[in-house]
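Participant: Sharing a structure, written as structure tokens. Questions coming.
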Amino acid sequence: MQIQGYFDLRFEAAKDAFAELFADPQERGAALCVQVGGETVLDLWAGVADKDGQQAWHSDTILNLFSCTKTFTAVTLLQLVGEGKLELDAPVARYWPEFAAAGKERISVRQLLCHRAGLPAIRAALPAEALYDWDAMTTALAAEDPWWTPGEAHGYAPITYGWLVGELIRRADGRGPGDSIVARVARPLGLDFHVGLADEEFHRVAHIARAKGNLGDAAAQRLLKCMMTEPASLSTRAFTNPPSIMTSTNKPEWRRMQQPAANGHGNARSLAGFYAALLDGQLLDSELLAELTREHSLGEDLTLQTATRFGLGCMLDQPEVANATYGLGRYAFGHPGAGGSTGFADPERDLAFGFVTNTLGPYVLMDPRAQNLARVVKGCLG
């Protein structure tokens with residue numbers, strides 16, 4: 001496999017580790033970007049981008065980054081907090097009055113961001129087309145009963161997070177949440193990142209497909225068993241209601257929508273650039289960055305059925321938990337996306353990391369491919 005791009009000679013071992021990914025015949029395309037102290041030390045890509053394996057992965061190939069999008073969304077909301085347009089500990093209903101229904105009048109903005117609000121799923125079965133109807137989804141969430149007493153537990157909101165936090169952004173900023181994220185975060189930094197992709201960009205989007213034959217670790221198998229046998233459970237509803245959530249990745253209507261939990265499109269360069277900008281203070285002041293990265297939730301996740309640790313819209317490292325460490329430093333923060341793409345920052349090393357793949361793995365939290373690359377990068381740093 002021919003590896004394209006740039007690497008600092010100190011990081012040749014990381015370039016070699018990236019190349020080794022393609023020893024697996026199922027690996028289709030991927031990219032890796034690492035910045036240290038704001039300087040790019042790795043910017044690599046290889047493989048194929050299209051469904052049939054005929055189109056090479058290019059420097060400007062982008063793809064669906066799934067939940068890597070969530071931290072971009074949280075940062076946008078925190079900017080609005082910094083401007084006085086939202087308050088973290090104010091009730092959501094102050095800005096969204098309909099949200100107070102079903103005993104939710106005291107749920108705070110902060111609780112939405114750290115997955116403690118009790119709204120990771122909707123109980124009533126929704127039609128597939130509801131996924132693309134912003135008003136239908138926000139109306140359903142405003143009417144929903146919490147799945148637990150808000151603030152007393154946490155459970156990851158894989159898709160509802162986008163409507164919950166996105167609706168707050170929309171009401172506070174007066175424009176679509178994707179428009180707000182791009183205007184506030186991506187465009188000022190020159191990042192090739194989109195939430196609500198224009199049709200003229202579709203030609204450079206990598207087709208995403210699942211790898212076959214790998215059932216993943218115990219956490220992945222536990223969640224899969226639940227989803228196969230308990231259709232009304234919180235975990236199953238979180239990922240399959242509306243039923244189109246799991247089947248829309250490559251569809252034009254998915255790319256066009258502004259769903260800021262799961263359909264950001266970008267590349268490894270945009271992930272690394274985003275986290276580098278957080279580290280050097282371009283996106284948030286030190287107080288708001290401390291809020292973003294402070295532990296808010298820790299322990300058994302009621303949705304994912306494994307141990308998670310969250311700040312505000314970012315996943316914090318758990319060094320001793322094999323499926324929950326980024327593989328670099330204990331103060332690392334960022335977010336994995338479904339199937340393997342990952343972006344994070346390690347403040348101890350002033351390092352920003354982005355890895356993307358269009359070959360979806362089965363893991364619930366961190367993908368071993370990204371973890372291994374991060375560990376090799378760590379070794380290169382000495």
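Labeling convention for the structure tokens: chains A, B, ... as they appear, residues from 1 per chain, ligands from 1 in order of appearance.
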Need to verify the contact set: Ala272 (chain A), 6 Å, only C-alpha atoms, exclusion of same-chain residues closer than 5 positions in sequence. Can you return it as a VMD selection string?

Facilitator: chain A and resid 352 to 354

Participant: Using N, CA, C and O atoms, can you export the residues from the last selection as a PDB file, in the first residue's frame?

Facilitator:
```
ATOM      1  N   ALA A 352      -2.068  17.148  19.451  1.00  0.00           N
ATOM      2  CA  ALA A 352      -3.415  16.985  18.903  1.00  0.00           C
ATOM      3  C   ALA A 352      -3.377  15.860  17.880  1.00  0.00           C
ATOM      4  O   ALA A 352      -2.468  15.791  17.047  1.00  0.00           O
ATOM      5  N   PHE A 353      -4.392  14.993  17.927  1.00  0.00           N
ATOM      6  CA  PHE A 353      -4.379  13.730  17.178  1.00  0.00           C
ATOM      7  C   PHE A 353      -5.687  13.561  16.425  1.00  0.00           C
ATOM      8  O   PHE A 353      -6.765  13.773  16.982  1.00  0.00           O
ATOM      9  N   GLY A 354      -5.604  13.185  15.162  1.00  0.00           N
ATOM     10  CA  GLY A 354      -6.788  12.842  14.383  1.00  0.00           C
ATOM     11  C   GLY A 354      -6.540  11.600  13.555  1.00  0.00           C
ATOM     12  O   GLY A 354      -5.535  11.511  12.843  1.00  0.00           O
TER      13      GLY A 354
END
```

Participant: Region 277-375 of chain A: which residues are strand (DSSP E) by DSSP, as a PyMOL selection string?

Facilitator: chain A and resi 297-300+307-310+315-316+333-336+342-346+351-357+359-360

Participant: Output the selection as a tab-separated table (two decimals), in the first residue's frame - N, CA, C and O atoms for each residue.

Facilitator:
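Writing done, so here's selection-v2.tsv:
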```
chain	number	residue	atom	x	y	z
A	297	SER	N	-18.93	13.13	34.66
A	297	SER	CA	-19.60	11.83	34.74
A	297	SER	C	-18.55	10.74	34.72
A	297	SER	O	-17.63	10.77	33.91
A	298	LEU	N	-18.71	9.76	35.61
A	298	LEU	CA	-17.75	8.66	35.70
A	298	LEU	C	-18.47	7.40	36.18
A	298	LEU	O	-19.26	7.46	37.11
A	299	GLY	N	-18.19	6.28	35.53
A	299	GLY	CA	-18.72	5.01	36.00
A	299	GLY	C	-19.53	4.30	34.93
A	299	GLY	O	-19.40	4.58	33.74
A	300	GLU	N	-20.35	3.36	35.38
A	300	GLU	CA	-21.13	2.54	34.45
A	300	GLU	C	-22.11	3.40	33.67
A	300	GLU	O	-22.92	4.12	34.25
A	307	ALA	N	-17.85	1.28	31.27
A	307	ALA	CA	-17.43	2.46	32.04
A	307	ALA	C	-17.08	3.62	31.12
A	307	ALA	O	-16.25	3.46	30.22
A	308	THR	N	-17.70	4.78	31.34
A	308	THR	CA	-17.35	5.98	30.59
A	308	THR	C	-17.04	7.12	31.55
A	308	THR	O	-17.46	7.11	32.71
A	309	ARG	N	-16.32	8.11	31.02
A	309	ARG	CA	-15.92	9.27	31.81
A	309	ARG	C	-16.04	10.48	30.89
A	309	ARG	O	-15.38	10.54	29.85
A	310	PHE	N	-16.90	11.43	31.26
A	310	PHE	CA	-17.18	12.56	30.40
A	310	PHE	C	-16.86	13.89	31.06
A	310	PHE	O	-17.07	14.08	32.27
A	315	MET	N	-15.07	13.03	25.83
A	315	MET	CA	-14.80	11.82	26.58
A	315	MET	C	-13.39	11.92	27.16
A	315	MET	O	-12.44	12.20	26.43
A	316	LEU	N	-13.29	11.73	28.46
A	316	LEU	CA	-12.01	11.87	29.15
A	316	LEU	C	-11.32	10.51	29.26
A	316	LEU	O	-11.97	9.47	29.36
A	333	PHE	N	-8.24	14.33	26.31
A	333	PHE	CA	-9.68	14.52	26.15
A	333	PHE	C	-9.99	14.62	24.67
A	333	PHE	O	-9.17	15.09	23.87
A	334	GLY	N	-11.16	14.16	24.29
A	334	GLY	CA	-11.56	14.21	22.89
A	334	GLY	C	-12.83	13.45	22.68
A	334	GLY	O	-13.69	13.43	23.55
A	335	HIS	N	-12.95	12.78	21.54
A	335	HIS	CA	-14.14	11.96	21.30
A	335	HIS	C	-13.88	10.97	20.17
A	335	HIS	O	-13.43	11.35	19.10
A	336	PRO	N	-14.22	9.69	20.42
A	336	PRO	CA	-14.21	8.72	19.33
A	336	PRO	C	-15.51	8.82	18.54
A	336	PRO	O	-16.54	9.28	19.05
A	342	THR	N	-11.23	9.01	15.39
A	342	THR	CA	-10.97	9.53	16.73
A	342	THR	C	-10.21	10.84	16.65
A	342	THR	O	-9.26	10.96	15.86
A	343	GLY	N	-10.61	11.79	17.49
A	343	GLY	CA	-9.83	13.02	17.65
A	343	GLY	C	-9.64	13.31	19.12
A	343	GLY	O	-10.57	13.11	19.91
A	344	PHE	N	-8.44	13.73	19.50
A	344	PHE	CA	-8.22	14.07	20.91
A	344	PHE	C	-7.00	14.96	21.07
A	344	PHE	O	-6.20	15.13	20.15
A	345	ALA	N	-6.89	15.52	22.26
A	345	ALA	CA	-5.74	16.34	22.64
A	345	ALA	C	-5.09	15.74	23.88
A	345	ALA	O	-5.79	15.23	24.77
A	346	ASP	N	-3.78	15.82	23.94
A	346	ASP	CA	-3.03	15.46	25.15
A	346	ASP	C	-2.33	16.72	25.64
A	346	ASP	O	-1.29	17.11	25.09
A	351	LEU	N	-0.17	17.97	22.32
A	351	LEU	CA	-0.33	17.14	21.13
A	351	LEU	C	-1.80	17.04	20.75
A	351	LEU	O	-2.67	16.87	21.60
A	352	ALA	N	-2.07	17.15	19.45
A	352	ALA	CA	-3.41	16.98	18.90
A	352	ALA	C	-3.38	15.86	17.88
A	352	ALA	O	-2.47	15.79	17.05
A	353	PHE	N	-4.39	14.99	17.93
A	353	PHE	CA	-4.38	13.73	17.18
A	353	PHE	C	-5.69	13.56	16.43
A	353	PHE	O	-6.77	13.77	16.98
A	354	GLY	N	-5.60	13.18	15.16
A	354	GLY	CA	-6.79	12.84	14.38
A	354	GLY	C	-6.54	11.60	13.55
A	354	GLY	O	-5.54	11.51	12.84
A	355	PHE	N	-7.43	10.63	13.68
A	355	PHE	CA	-7.37	9.41	12.87
A	355	PHE	C	-8.76	9.16	12.32
A	355	PHE	O	-9.76	9.25	13.06
A	356	VAL	N	-8.86	8.88	11.03
A	356	VAL	CA	-10.16	8.60	10.42
A	356	VAL	C	-10.06	7.36	9.53
A	356	VAL	O	-9.00	7.08	8.95
A	357	THR	N	-11.16	6.63	9.45
A	357	THR	CA	-11.21	5.42	8.63
A	357	THR	C	-12.60	5.23	8.06
A	357	THR	O	-13.59	5.58	8.72
A	359	THR	N	-13.46	2.15	7.21
A	359	THR	CA	-13.68	0.73	7.50
A	359	THR	C	-14.13	0.64	8.95
A	359	THR	O	-13.31	0.72	9.87
A	360	LEU	N	-15.43	0.49	9.18
A	360	LEU	CA	-15.96	0.56	10.54
A	360	LEU	C	-15.61	-0.69	11.33
A	360	LEU	O	-15.92	-1.81	10.91
```

Participant: So which one's closest to Pro368 (chain A), A:Ala117, A:Leu21, A:Met227, A:Ala13? Using only C-alpha atoms, please.

Facilitator: A:Leu21

Participant: Please produce, as a tab-separated table, a per-residue contact table for region 124-198 of chain A versus region 254-265 of chain A (criterion: any atom at most 9 Å away, only C-alpha atoms considered), showing the nearest atom pair and its distance in Å to one decimal, sorted by chain then residue number.

Facilitator:
```
residue	atom	partner	partner_atom	distance
A:Leu131	CA	A:Trp254	CA	8.8
A:Tyr132	CA	A:Met257	CA	6.8
A:Trp134	CA	A:Gln259	CA	8.7
A:Ala157	CA	A:Ala261	CA	8.6
A:Pro158	CA	A:Ala261	CA	6.8
A:Ile159	CA	A:Ala261	CA	5.5
A:Thr160	CA	A:Ala261	CA	7.4
A:Tyr161	CA	A:Ala261	CA	5.6
A:Gly162	CA	A:Ala261	CA	4.0
A:Trp163	CA	A:Gln259	CA	7.0
A:Val165	CA	A:Pro260	CA	8.1
A:Gly166	CA	A:Pro260	CA	6.4
A:Gly176	CA	A:Gln258	CA	7.2
A:Pro177	CA	A:Gln258	CA	6.6
A:Gly178	CA	A:Gln258	CA	5.0
A:Asp179	CA	A:Gln258	CA	8.0
A:Ile181	CA	A:Pro260	CA	8.5
A:Asp192	CA	A:His265	CA	8.2
A:Phe193	CA	A:His265	CA	5.6
A:His194	CA	A:His265	CA	5.1
A:Val195	CA	A:Gly264	CA	4.5
A:Gly196	CA	A:Arg256	CA	4.5
A:Leu197	CA	A:Arg256	CA	4.9
A:Ala198	CA	A:Arg256	CA	6.4
```

Participant: Would you kindly return, as JSON, numbers by chain, each protein, DNA or RNA residue with an atom no farther than 8 Å from any atom of region 99-115 of chain A, considering only C-alpha atoms and excluding same-chain residues fewer than 4 positions away?

Facilitator: {"A": [74, 87, 88, 89, 90, 91, 92, 93, 119, 120, 141, 142, 143, 144, 145, 146, 150, 151, 154, 155, 156, 157, 161, 164, 165, 296, 297, 310, 311, 312, 313]}

Participant: Could you check the closest approach to Gln55 (chain A) for each of A:Leu373, A:Ala232, A:Val321, A:Val205 and tell me which residue wins, using only C-alpha atoms?

Facilitator: A:Val205

Participant: Report, in Å with one decimal, the straight-line distance from CA of Tyr363 (chain A) to CA of Pro25 (chain A).

Facilitator: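 Those two atoms sit 18.8 Å apart.
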
Participant: Counting only C-alpha atoms, what is within 12 Å of Gln221 (chain A), bar same-chain residues fewer than 2 positions away, as a compact mmCIF listing (two decimals) with N, CA and C atoms, in the first residue's frame?

Facilitator:
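To be explicit, this is the file written out as selection10.txt:
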```txt
# COMPACT_ATOMS: atom_id res chain seq x y z
N ASN A 214 -15.36 -9.62 12.83
CA ASN A 214 -14.81 -9.22 14.12
C ASN A 214 -15.95 -8.77 15.02
N LEU A 215 -16.17 -9.48 16.11
CA LEU A 215 -17.26 -9.14 17.04
C LEU A 215 -16.84 -8.13 18.10
N GLY A 216 -15.54 -7.76 18.12
CA GLY A 216 -15.10 -6.76 19.07
C GLY A 216 -14.84 -7.32 20.45
N ASP A 217 -14.71 -6.42 21.42
CA ASP A 217 -14.40 -6.82 22.79
C ASP A 217 -15.68 -7.15 23.55
N ALA A 218 -15.52 -7.42 24.86
CA ALA A 218 -16.67 -7.81 25.68
C ALA A 218 -17.74 -6.73 25.72
N ALA A 219 -17.31 -5.46 25.77
CA ALA A 219 -18.28 -4.35 25.82
C ALA A 219 -19.11 -4.30 24.54
N LEU A 223 -23.26 -5.02 24.29
CA LEU A 223 -24.21 -4.07 23.71
C LEU A 223 -24.95 -4.70 22.53
N LEU A 224 -24.23 -5.43 21.70
CA LEU A 224 -24.85 -6.08 20.56
C LEU A 224 -25.91 -7.08 21.01
N LYS A 225 -25.61 -7.87 22.03
CA LYS A 225 -26.58 -8.85 22.55
C LYS A 225 -27.84 -8.15 23.04
N CYS A 226 -27.66 -7.03 23.75
CA CYS A 226 -28.81 -6.26 24.24
C CYS A 226 -29.67 -5.79 23.07
N MET A 227 -29.03 -5.25 22.05
CA MET A 227 -29.76 -4.70 20.91
C MET A 227 -30.49 -5.79 20.12
N MET A 228 -29.96 -7.02 20.16
CA MET A 228 -30.58 -8.12 19.43
C MET A 228 -31.73 -8.75 20.20
N LEU A 304 -24.31 2.63 27.18
CA LEU A 304 -23.25 1.84 26.56
C LEU A 304 -22.90 0.57 27.34
N GLN A 305 -23.36 0.49 28.61
CA GLN A 305 -23.14 -0.69 29.44
C GLN A 305 -21.65 -1.00 29.62
N THR A 306 -20.86 0.06 29.71
CA THR A 306 -19.44 -0.04 29.99
C THR A 306 -19.04 1.24 30.71
N PRO A 362 -15.99 -2.75 15.22
CA PRO A 362 -17.16 -3.03 16.05
C PRO A 362 -17.11 -2.47 17.47
N TYR A 363 -16.10 -1.68 17.79
CA TYR A 363 -15.87 -1.33 19.19
C TYR A 363 -16.80 -0.22 19.68
N VAL A 364 -17.09 -0.23 20.99
CA VAL A 364 -18.03 0.71 21.58
C VAL A 364 -17.37 2.06 21.87
```

Participant: Just the residues within 8 Å of region 17-20 of chain A, please, counting only C-alpha atoms, with nothing from its chain fewer than 3 positions along; format it as a PyMOL selection string.

Facilitator: chain A and resi 1+3+13-14+23-24+32+373+376

Participant: Check the DSSP output for the backbone and give back, as a VMD selection string, the residues of region 262-334 of chain A in alpha helix (DSSP H).

Facilitator: chain A and resid 268 to 279 286 to 293
